[in-house]
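Source file input_25.pdb; content: PDB, C-alpha atoms, pLDDT in the B column.
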ATOM      1  CA  MET A   1      69.032-214.061  58.074  1.00 53.00           C
ATOM      2  CA  HIS A   2      68.672-217.794  57.675  1.00 55.00           C
ATOM      3  CA  CYS A   3      72.197-217.914  56.321  1.00 55.00           C
ATOM      4  CA  ASP A   4      73.529-215.990  59.314  1.00 59.00           C
ATOM      5  CA  THR A   5      71.794-218.409  61.736  1.00 59.00           C
ATOM      6  CA  ASP A   6      73.271-221.426  59.914  1.00 64.00           C
ATOM      7  CA  HIS A   7      76.698-219.853  60.130  1.00 59.00           C
ATOM      8  CA  LYS A   8      76.292-219.249  63.892  1.00 63.00           C
ATOM      9  CA  GLU A   9      75.095-222.818  64.442  1.00 64.00           C
ATOM     10  CA  LYS A  10      78.042-224.244  62.504  1.00 64.00           C
ATOM     11  CA  HIS A  11      80.413-221.988  64.410  1.00 55.00           C
ATOM     12  CA  MET A  12      78.899-223.058  67.743  1.00 58.00           C
ATOM     13  CA  LYS A  13      79.106-226.756  66.778  1.00 65.00           C
ATOM     14  CA  PHE A  14      82.743-226.250  65.796  1.00 59.00           C
ATOM     15  CA  LEU A  15      83.512-224.520  69.099  1.00 58.00           C
ATOM     16  CA  TYR A  16      81.691-227.246  71.015  1.00 60.00           C
ATOM     17  CA  LYS A  17      83.648-230.006  69.249  1.00 64.00           C
ATOM     18  CA  ALA A  18      86.903-228.120  69.686  1.00 56.00           C
ATOM     19  CA  THR A  19      86.195-227.755  73.395  1.00 59.00           C
ATOM     20  CA  ILE A  20      85.512-231.488  73.741  1.00 61.00           C
ATOM     21  CA  VAL A  21      88.701-232.345  71.850  1.00 57.00           C
ATOM     22  CA  LEU A  22      90.703-229.916  73.986  1.00 58.00           C
ATOM     23  CA  ALA A  23      89.186-231.279  77.213  1.00 57.00           C
ATOM     24  CA  GLY A  24      89.917-234.831  76.079  1.00 56.00           C
ATOM     25  CA  THR A  25      93.499-233.900  75.316  1.00 54.00           C
ATOM     26  CA  VAL A  26      93.977-232.240  78.706  1.00 54.00           C
ATOM     27  CA  ILE A  27      92.371-235.139  80.572  1.00 58.00           C
ATOM     28  CA  GLY A  28      94.294-237.683  78.510  1.00 56.00           C
ATOM     29  CA  SER A  29      97.608-235.995  79.107  1.00 54.00           C
ATOM     30  CA  SER A  30      96.986-235.683  82.848  1.00 55.00           C
ATOM     31  CA  LEU A  31      96.010-239.363  83.004  1.00 57.00           C
ATOM     32  CA  SER A  32      99.108-240.434  81.138  1.00 57.00           C
ATOM     33  CA  ALA A  33     101.209-238.333  83.500  1.00 60.00           C
ATOM     34  CA  ALA A  34      99.615-240.253  86.374  1.00 66.00           C
ATOM     35  CA  ASP A  35     100.371-243.724  85.017  1.00 85.00           C
ATOM     36  CA  THR A  36     102.797-244.270  87.888  1.00 89.00           C
ATOM     37  CA  LEU A  37     103.429-242.585  91.189  1.00 85.00           C
ATOM     38  CA  PRO A  38     106.990-241.992  92.319  1.00 86.00           C
ATOM     39  CA  THR A  39     107.557-243.532  95.750  1.00 89.00           C
ATOM     40  CA  HIS A  40     110.454-244.177  98.059  1.00 94.00           C
ATOM     41  CA  ARG A  41     111.002-247.359 100.025  1.00 95.00           C
ATOM     42  CA  ILE A  42     112.938-248.053 103.178  1.00 97.00           C
ATOM     43  CA  PRO A  43     115.487-250.774 102.446  1.00 97.00           C
ATOM     44  CA  ALA A  44     115.234-253.804 104.736  1.00 98.00           C
ATOM     45  CA  ALA A  45     118.812-253.312 105.940  1.00 98.00           C
ATOM     46  CA  LEU A  46     117.993-249.791 107.196  1.00 98.00           C
ATOM     47  CA  ALA A  47     114.715-250.959 108.745  1.00 98.00           C
ATOM     48  CA  ILE A  48     116.622-253.645 110.650  1.00 98.00           C
ATOM     49  CA  GLU A  49     119.145-251.055 111.868  1.00 98.00           C
ATOM     50  CA  ALA A  50     116.368-248.715 112.997  1.00 98.00           C
ATOM     51  CA  ALA A  51     114.565-251.488 114.885  1.00 98.00           C
ATOM     52  CA  SER A  52     117.808-252.690 116.488  1.00 98.00           C
ATOM     53  CA  GLU A  53     118.743-249.180 117.598  1.00 98.00           C
ATOM     54  CA  THR A  54     115.248-248.633 119.029  1.00 98.00           C
ATOM     55  CA  ILE A  55     115.568-251.787 121.133  1.00 98.00           C
ATOM     56  CA  SER A  56     119.174-251.027 122.082  1.00 98.00           C
ATOM     57  CA  GLU A  57     118.372-247.501 123.235  1.00 98.00           C
ATOM     58  CA  CYS A  58     115.658-248.779 125.552  1.00 97.00           C
ATOM     59  CA  ALA A  59     117.812-251.690 126.783  1.00 98.00           C
ATOM     60  CA  LYS A  60     120.470-249.168 127.882  1.00 98.00           C
ATOM     61  CA  GLN A  61     117.798-247.691 130.156  1.00 97.00           C
ATOM     62  CA  GLY A  62     116.729-251.093 131.439  1.00 98.00           C
ATOM     63  CA  TYR A  63     113.561-251.437 129.333  1.00 98.00           C
ATOM     64  CA  ARG A  64     112.554-254.538 127.388  1.00 98.00           C
ATOM     65  CA  GLU A  65     111.384-253.167 124.073  1.00 98.00           C
ATOM     66  CA  THR A  66     109.872-254.347 120.798  1.00 98.00           C
ATOM     67  CA  ALA A  67     110.304-252.381 117.578  1.00 98.00           C
ATOM     68  CA  VAL A  68     108.318-252.621 114.343  1.00 98.00           C
ATOM     69  CA  VAL A  69     109.132-250.765 111.125  1.00 98.00           C
ATOM     70  CA  LEU A  70     106.392-250.391 108.511  1.00 98.00           C
ATOM     71  CA  ASP A  71     106.486-249.063 104.966  1.00 98.00           C
ATOM     72  CA  ALA A  72     104.269-246.246 103.684  1.00 97.00           C
ATOM     73  CA  ASP A  73     101.416-248.688 103.039  1.00 97.00           C
ATOM     74  CA  GLY A  74     101.485-249.994 106.600  1.00 98.00           C
ATOM     75  CA  ALA A  75     103.096-253.317 105.658  1.00 98.00           C
ATOM     76  CA  THR A  76     105.675-254.737 108.047  1.00 98.00           C
ATOM     77  CA  ILE A  77     109.297-254.522 106.922  1.00 98.00           C
ATOM     78  CA  VAL A  78     110.727-255.792 110.203  1.00 98.00           C
ATOM     79  CA  ALA A  79     109.482-256.660 113.688  1.00 98.00           C
ATOM     80  CA  VAL A  80     111.946-257.435 116.458  1.00 98.00           C
ATOM     81  CA  ARG A  81     110.880-258.421 119.947  1.00 98.00           C
ATOM     82  CA  GLY A  82     113.722-257.556 122.250  1.00 97.00           C
ATOM     83  CA  ASP A  83     114.969-259.940 124.902  1.00 97.00           C
ATOM     84  CA  GLY A  84     112.388-260.265 127.639  1.00 98.00           C
ATOM     85  CA  ALA A  85     109.806-257.983 125.990  1.00 98.00           C
ATOM     86  CA  GLY A  86     106.217-259.001 126.663  1.00 98.00           C
ATOM     87  CA  ILE A  87     104.264-260.721 123.917  1.00 98.00           C
ATOM     88  CA  HIS A  88     101.728-257.868 123.845  1.00 98.00           C
ATOM     89  CA  THR A  89     104.487-255.467 122.776  1.00 98.00           C
ATOM     90  CA  LEU A  90     104.462-256.958 119.251  1.00 98.00           C
ATOM     91  CA  ASP A  91     100.868-255.831 118.695  1.00 98.00           C
ATOM     92  CA  SER A  92     101.354-252.544 120.502  1.00 98.00           C
ATOM     93  CA  ALA A  93     104.502-251.573 118.554  1.00 98.00           C
ATOM     94  CA  HIS A  94     102.817-252.542 115.279  1.00 98.00           C
ATOM     95  CA  ASP A  95      99.698-250.522 116.058  1.00 98.00           C
ATOM     96  CA  LYS A  96     101.724-247.454 117.043  1.00 98.00           C
ATOM     97  CA  ALA A  97     103.686-247.623 113.771  1.00 98.00           C
ATOM     98  CA  TYR A  98     100.472-248.261 111.809  1.00 98.00           C
ATOM     99  CA  THR A  99      98.762-245.272 113.398  1.00 98.00           C
ATOM    100  CA  SER A 100     101.782-243.078 112.752  1.00 98.00           C
ATOM    101  CA  VAL A 101     102.057-244.013 109.079  1.00 98.00           C
ATOM    102  CA  SER A 102      98.281-243.854 108.539  1.00 98.00           C
ATOM    103  CA  PHE A 103      97.914-240.403 110.050  1.00 98.00           C
ATOM    104  CA  LYS A 104     101.331-239.239 108.780  1.00 98.00           C
ATOM    105  CA  ASN A 105     102.226-238.011 112.256  1.00 98.00           C
ATOM    106  CA  ASP A 106     103.911-239.160 115.453  1.00 98.00           C
ATOM    107  CA  THR A 107     101.538-240.868 117.855  1.00 98.00           C
ATOM    108  CA  ILE A 108     102.621-238.655 120.749  1.00 97.00           C
ATOM    109  CA  ALA A 109     101.208-235.666 118.807  1.00 97.00           C
ATOM    110  CA  LEU A 110      98.121-237.655 117.827  1.00 97.00           C
ATOM    111  CA  ALA A 111      97.538-238.525 121.498  1.00 96.00           C
ATOM    112  CA  GLU A 112      97.266-234.784 122.199  1.00 94.00           C
ATOM    113  CA  ARG A 113      94.764-234.412 119.343  1.00 94.00           C
ATOM    114  CA  ALA A 114      92.716-237.217 120.905  1.00 96.00           C
ATOM    115  CA  LYS A 115      92.008-234.923 123.867  1.00 93.00           C
ATOM    116  CA  GLY A 116      89.702-231.936 123.955  1.00 82.00           C
ATOM    117  CA  GLU A 117      86.785-230.601 121.979  1.00 85.00           C
ATOM    118  CA  ASP A 118      87.740-231.616 118.415  1.00 89.00           C
ATOM    119  CA  SER A 119      89.019-234.996 119.556  1.00 95.00           C
ATOM    120  CA  ILE A 120      90.113-237.669 117.098  1.00 96.00           C
ATOM    121  CA  ALA A 121      89.622-240.261 119.882  1.00 95.00           C
ATOM    122  CA  PRO A 122      86.622-241.927 118.149  1.00 95.00           C
ATOM    123  CA  LEU A 123      89.020-242.986 115.376  1.00 96.00           C
ATOM    124  CA  SER A 124      90.804-245.236 117.876  1.00 94.00           C
ATOM    125  CA  LYS A 125      87.960-247.691 117.342  1.00 95.00           C
ATOM    126  CA  LEU A 126      89.395-248.433 113.891  1.00 96.00           C
ATOM    127  CA  PRO A 127      91.501-251.596 113.696  1.00 97.00           C
ATOM    128  CA  HIS A 128      95.163-251.104 114.679  1.00 97.00           C
ATOM    129  CA  VAL A 129      94.764-247.415 115.584  1.00 98.00           C
ATOM    130  CA  MET A 130      96.423-246.474 118.871  1.00 97.00           C
ATOM    131  CA  PHE A 131      96.829-242.899 120.068  1.00 97.00           C
ATOM    132  CA  PHE A 132      99.672-243.549 122.489  1.00 97.00           C
ATOM    133  CA  GLY A 133     103.261-242.364 122.171  1.00 97.00           C
ATOM    134  CA  GLY A 134     105.858-244.632 120.600  1.00 98.00           C
ATOM    135  CA  GLY A 135     104.951-244.363 116.906  1.00 98.00           C
ATOM    136  CA  VAL A 136     107.317-242.156 114.914  1.00 98.00           C
ATOM    137  CA  VAL A 137     106.671-241.302 111.283  1.00 98.00           C
ATOM    138  CA  ILE A 138     109.550-241.628 108.815  1.00 98.00           C
ATOM    139  CA  LYS A 139     109.534-238.893 106.177  1.00 97.00           C
ATOM    140  CA  LEU A 140     111.663-238.047 103.198  1.00 95.00           C
ATOM    141  CA  GLY A 141     110.962-234.346 102.763  1.00 93.00           C
ATOM    142  CA  ASP A 142     107.163-234.143 102.937  1.00 94.00           C
ATOM    143  CA  GLU A 143     106.635-237.731 101.788  1.00 96.00           C
ATOM    144  CA  THR A 144     105.744-240.286 104.460  1.00 97.00           C
ATOM    145  CA  ILE A 145     107.743-243.416 103.666  1.00 98.00           C
ATOM    146  CA  GLY A 146     107.134-245.448 106.823  1.00 98.00           C
ATOM    147  CA  ALA A 147     107.065-245.478 110.593  1.00 98.00           C
ATOM    148  CA  ILE A 148     108.735-247.012 113.623  1.00 98.00           C
ATOM    149  CA  GLY A 149     106.658-248.324 116.495  1.00 98.00           C
ATOM    150  CA  ALA A 150     108.172-248.977 119.920  1.00 98.00           C
ATOM    151  CA  SER A 151     106.572-250.674 122.899  1.00 98.00           C
ATOM    152  CA  GLY A 152     107.732-252.047 126.219  1.00 98.00           C
ATOM    153  CA  ALA A 153     109.086-249.113 128.186  1.00 98.00           C
ATOM    154  CA  PRO A 154     107.033-247.917 131.157  1.00 97.00           C
ATOM    155  CA  GLY A 155     105.523-244.889 129.436  1.00 96.00           C
ATOM    156  CA  ALA A 156     104.665-243.360 126.094  1.00 97.00           C
ATOM    157  CA  LYS A 157     107.431-240.745 126.167  1.00 98.00           C
ATOM    158  CA  LEU A 158     110.058-243.410 126.840  1.00 98.00           C
ATOM    159  CA  ASP A 159     108.804-245.523 123.909  1.00 98.00           C
ATOM    160  CA  ASP A 160     108.783-242.382 121.773  1.00 98.00           C
ATOM    161  CA  ASN A 161     112.388-241.540 122.702  1.00 98.00           C
ATOM    162  CA  CYS A 162     113.559-245.047 121.792  1.00 98.00           C
ATOM    163  CA  ALA A 163     111.769-244.944 118.414  1.00 98.00           C
ATOM    164  CA  ARG A 164     113.324-241.530 117.729  1.00 98.00           C
ATOM    165  CA  ALA A 165     116.770-243.015 118.434  1.00 98.00           C
ATOM    166  CA  GLY A 166     116.024-245.694 115.841  1.00 98.00           C
ATOM    167  CA  LEU A 167     115.051-243.066 113.277  1.00 98.00           C
ATOM    168  CA  ALA A 168     118.124-240.944 114.084  1.00 98.00           C
ATOM    169  CA  LYS A 169     120.329-243.977 113.360  1.00 98.00           C
ATOM    170  CA  ILE A 170     119.150-244.168 109.707  1.00 98.00           C
ATOM    171  CA  ARG A 171     117.842-240.682 108.879  1.00 97.00           C
ATOM    172  CA  ASP A 172     120.913-239.410 107.007  1.00 96.00           C
ATOM    173  CA  ARG A 173     120.933-242.502 104.779  1.00 96.00           C
ATOM    174  CA  LEU A 174     117.320-242.263 103.623  1.00 94.00           C
ATOM    175  CA  LYS A 175     117.126-241.200  99.979  1.00 88.00           C
TER     176      LYS A 175
END
Just give me the structure of the file as structure tokens.
Amino acid sequence: MHCDTDHKEKHMKFLYKATIVLAGTVIGSSLSAADTLPTHRIPAALAIEAASETISECAKQGYRETAVVLDADGATIVAVRGDGAGIHTLDSAHDKAYTSVSFKNDTIALAERAKGEDSIAPLSKLPHVMFFGGGVVIKLGDETIGAIGASGAPGAKLDDNCARAGLAKIRDRLK
């Protein structure tokens, strides 16, 4: 019987060690697969086009607009203050784009979520978060790669429409 117990103990130790080796191999291979993350960037030339189109679309309607394009991390690629746009529109356009990219959603939709029982409104106390239309997320498939923020028109929906025009200008060239 002593021999049988020794055999079971050795077998259990072997299984235990084999399990640790297997777990280490699985963890190691998943870590090595995660050495880098594939990401997409918006080229500066396209960001400039998007911002220019945003401002142009609003100018056609008589609005003095500012447009800011951010990358997926919330860093500014381009900020253009249109002719006659108020100085406050730089911060407002940035914050709309920042909110959009941070929450991976358009700010006009987020503004709706800020109302009602399960409101996200308390999050607006975070720096640069603004639940007001004019921030449009830029996606490539399901991946958020940036956002456009627009400010200066007399209303959130108008800012939103101008930012959408900026996105439409470059959408088919995003890869």
Exercise for the section: Give me, please, the distance in Å between atom CA of A:Asp106 and atom CA of A:Asp172, quoted to one decimal. Expected result: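 The value is 19.0 Å.
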Exercise for the section: Step by step, work through what the PyMOL selection byres ((chain A and resi 86) around 10) selects in the shown file, and finish by giving those residues as JSON, numbers by chain. Expected result: {"A": [64, 65, 66, 81, 82, 83, 84, 85, 87, 88, 89, 90, 151, 152]}
Problem - Residue contacts of A:Asp160 (8 Å, all atoms listed in the file) excluding same-chain residues fewer than 5 positions away, as number ranges by chain - result: A: 108, 133-136, 150
Problem - Computed interatomic separation between atom CA of A:Gly166 and atom CA of A:Pro154 (Å) - result: 17.9 Å
Exercise for the section: Kindly give the distance, in Å, that separates atom CA of A:Ala163 and atom CA of A:Asp118, rounded to a single decimal. Expected result: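 Atom CA of A:Asp118 lies 27.5 Å from atom CA of A:Ala163.
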Which polymer residues, whether protein, DNA or RNA, lie within 10 Å of the coordinate (105.9, -247.2, 107.3) when you count all atoms listed in the file? List them as a PDB file with C-alpha atoms, in the coordinates of the input, using the chain letters and numbers from the file.
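Wrote it out as selection21.pdb, contents follow:
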ATOM      1  CA  ARG A  41     111.002-247.359 100.025  1.00 95.00           C
ATOM      2  CA  ILE A  42     112.938-248.053 103.178  1.00 97.00           C
ATOM      3  CA  ALA A  47     114.715-250.959 108.745  1.00 98.00           C
ATOM      4  CA  VAL A  68     108.318-252.621 114.343  1.00 98.00           C
ATOM      5  CA  VAL A  69     109.132-250.765 111.125  1.00 98.00           C
ATOM      6  CA  LEU A  70     106.392-250.391 108.511  1.00 98.00           C
ATOM      7  CA  ASP A  71     106.486-249.063 104.966  1.00 98.00           C
ATOM      8  CA  ALA A  72     104.269-246.246 103.684  1.00 97.00           C
ATOM      9  CA  ASP A  73     101.416-248.688 103.039  1.00 97.00           C
ATOM     10  CA  GLY A  74     101.485-249.994 106.600  1.00 98.00           C
ATOM     11  CA  ALA A  75     103.096-253.317 105.658  1.00 98.00           C
ATOM     12  CA  THR A  76     105.675-254.737 108.047  1.00 98.00           C
ATOM     13  CA  ILE A  77     109.297-254.522 106.922  1.00 98.00           C
ATOM     14  CA  ALA A  97     103.686-247.623 113.771  1.00 98.00           C
ATOM     15  CA  TYR A  98     100.472-248.261 111.809  1.00 98.00           C
ATOM     16  CA  THR A  99      98.762-245.272 113.398  1.00 98.00           C
ATOM     17  CA  SER A 100     101.782-243.078 112.752  1.00 98.00           C
ATOM     18  CA  VAL A 101     102.057-244.013 109.079  1.00 98.00           C
ATOM     19  CA  SER A 102      98.281-243.854 108.539  1.00 98.00           C
ATOM     20  CA  LYS A 104     101.331-239.239 108.780  1.00 98.00           C
ATOM     21  CA  VAL A 136     107.317-242.156 114.914  1.00 98.00           C
ATOM     22  CA  VAL A 137     106.671-241.302 111.283  1.00 98.00           C
ATOM     23  CA  ILE A 138     109.550-241.628 108.815  1.00 98.00           C
ATOM     24  CA  LYS A 139     109.534-238.893 106.177  1.00 97.00           C
ATOM     25  CA  THR A 144     105.744-240.286 104.460  1.00 97.00           C
ATOM     26  CA  ILE A 145     107.743-243.416 103.666  1.00 98.00           C
ATOM     27  CA  GLY A 146     107.134-245.448 106.823  1.00 98.00           C
ATOM     28  CA  ALA A 147     107.065-245.478 110.593  1.00 98.00           C
ATOM     29  CA  ILE A 148     108.735-247.012 113.623  1.00 98.00           C
ATOM     30  CA  GLY A 149     106.658-248.324 116.495  1.00 98.00           C
TER      31      GLY A 149
END
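Between A:Leu167 and the residues A:Ala93, A:Leu126, A:Ala51, A:Leu140, the shortest atom-to-atom distance, using only C-alpha atoms, involves A:Ala51.
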Problem - 9 Å contact set for A:Leu46, all atoms listed in the file, chain neighbours under 5 positions out, as a list in words - result: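 Here the qualifying residues turn out to be Ala51, Lys169, Ile170, Arg173 and Leu174 of chain A.
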Practice task
Please write the residues picked by the PyMOL selection byres ((chain A and resi 111) around 10) on this file as a ChimeraX atom specification.
Solution key: /A:106-110,112-115,119-121,130-133,156
Could those selected residues go to a file with C-alpha atoms, as a tab-separated table (two decimals), in the frame of the given file?
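Listed below is the output, selection-v4.tsv:
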chain	number	residue	atom	x	y	z
A	106	ASP	CA	103.91	-239.16	115.45
A	107	THR	CA	101.54	-240.87	117.86
A	108	ILE	CA	102.62	-238.66	120.75
A	109	ALA	CA	101.21	-235.67	118.81
A	110	LEU	CA	98.12	-237.66	117.83
A	112	GLU	CA	97.27	-234.78	122.20
A	113	ARG	CA	94.76	-234.41	119.34
A	114	ALA	CA	92.72	-237.22	120.90
A	115	LYS	CA	92.01	-234.92	123.87
A	119	SER	CA	89.02	-235.00	119.56
A	120	ILE	CA	90.11	-237.67	117.10
A	121	ALA	CA	89.62	-240.26	119.88
A	130	MET	CA	96.42	-246.47	118.87
A	131	PHE	CA	96.83	-242.90	120.07
A	132	PHE	CA	99.67	-243.55	122.49
A	133	GLY	CA	103.26	-242.36	122.17
A	156	ALA	CA	104.66	-243.36	126.09
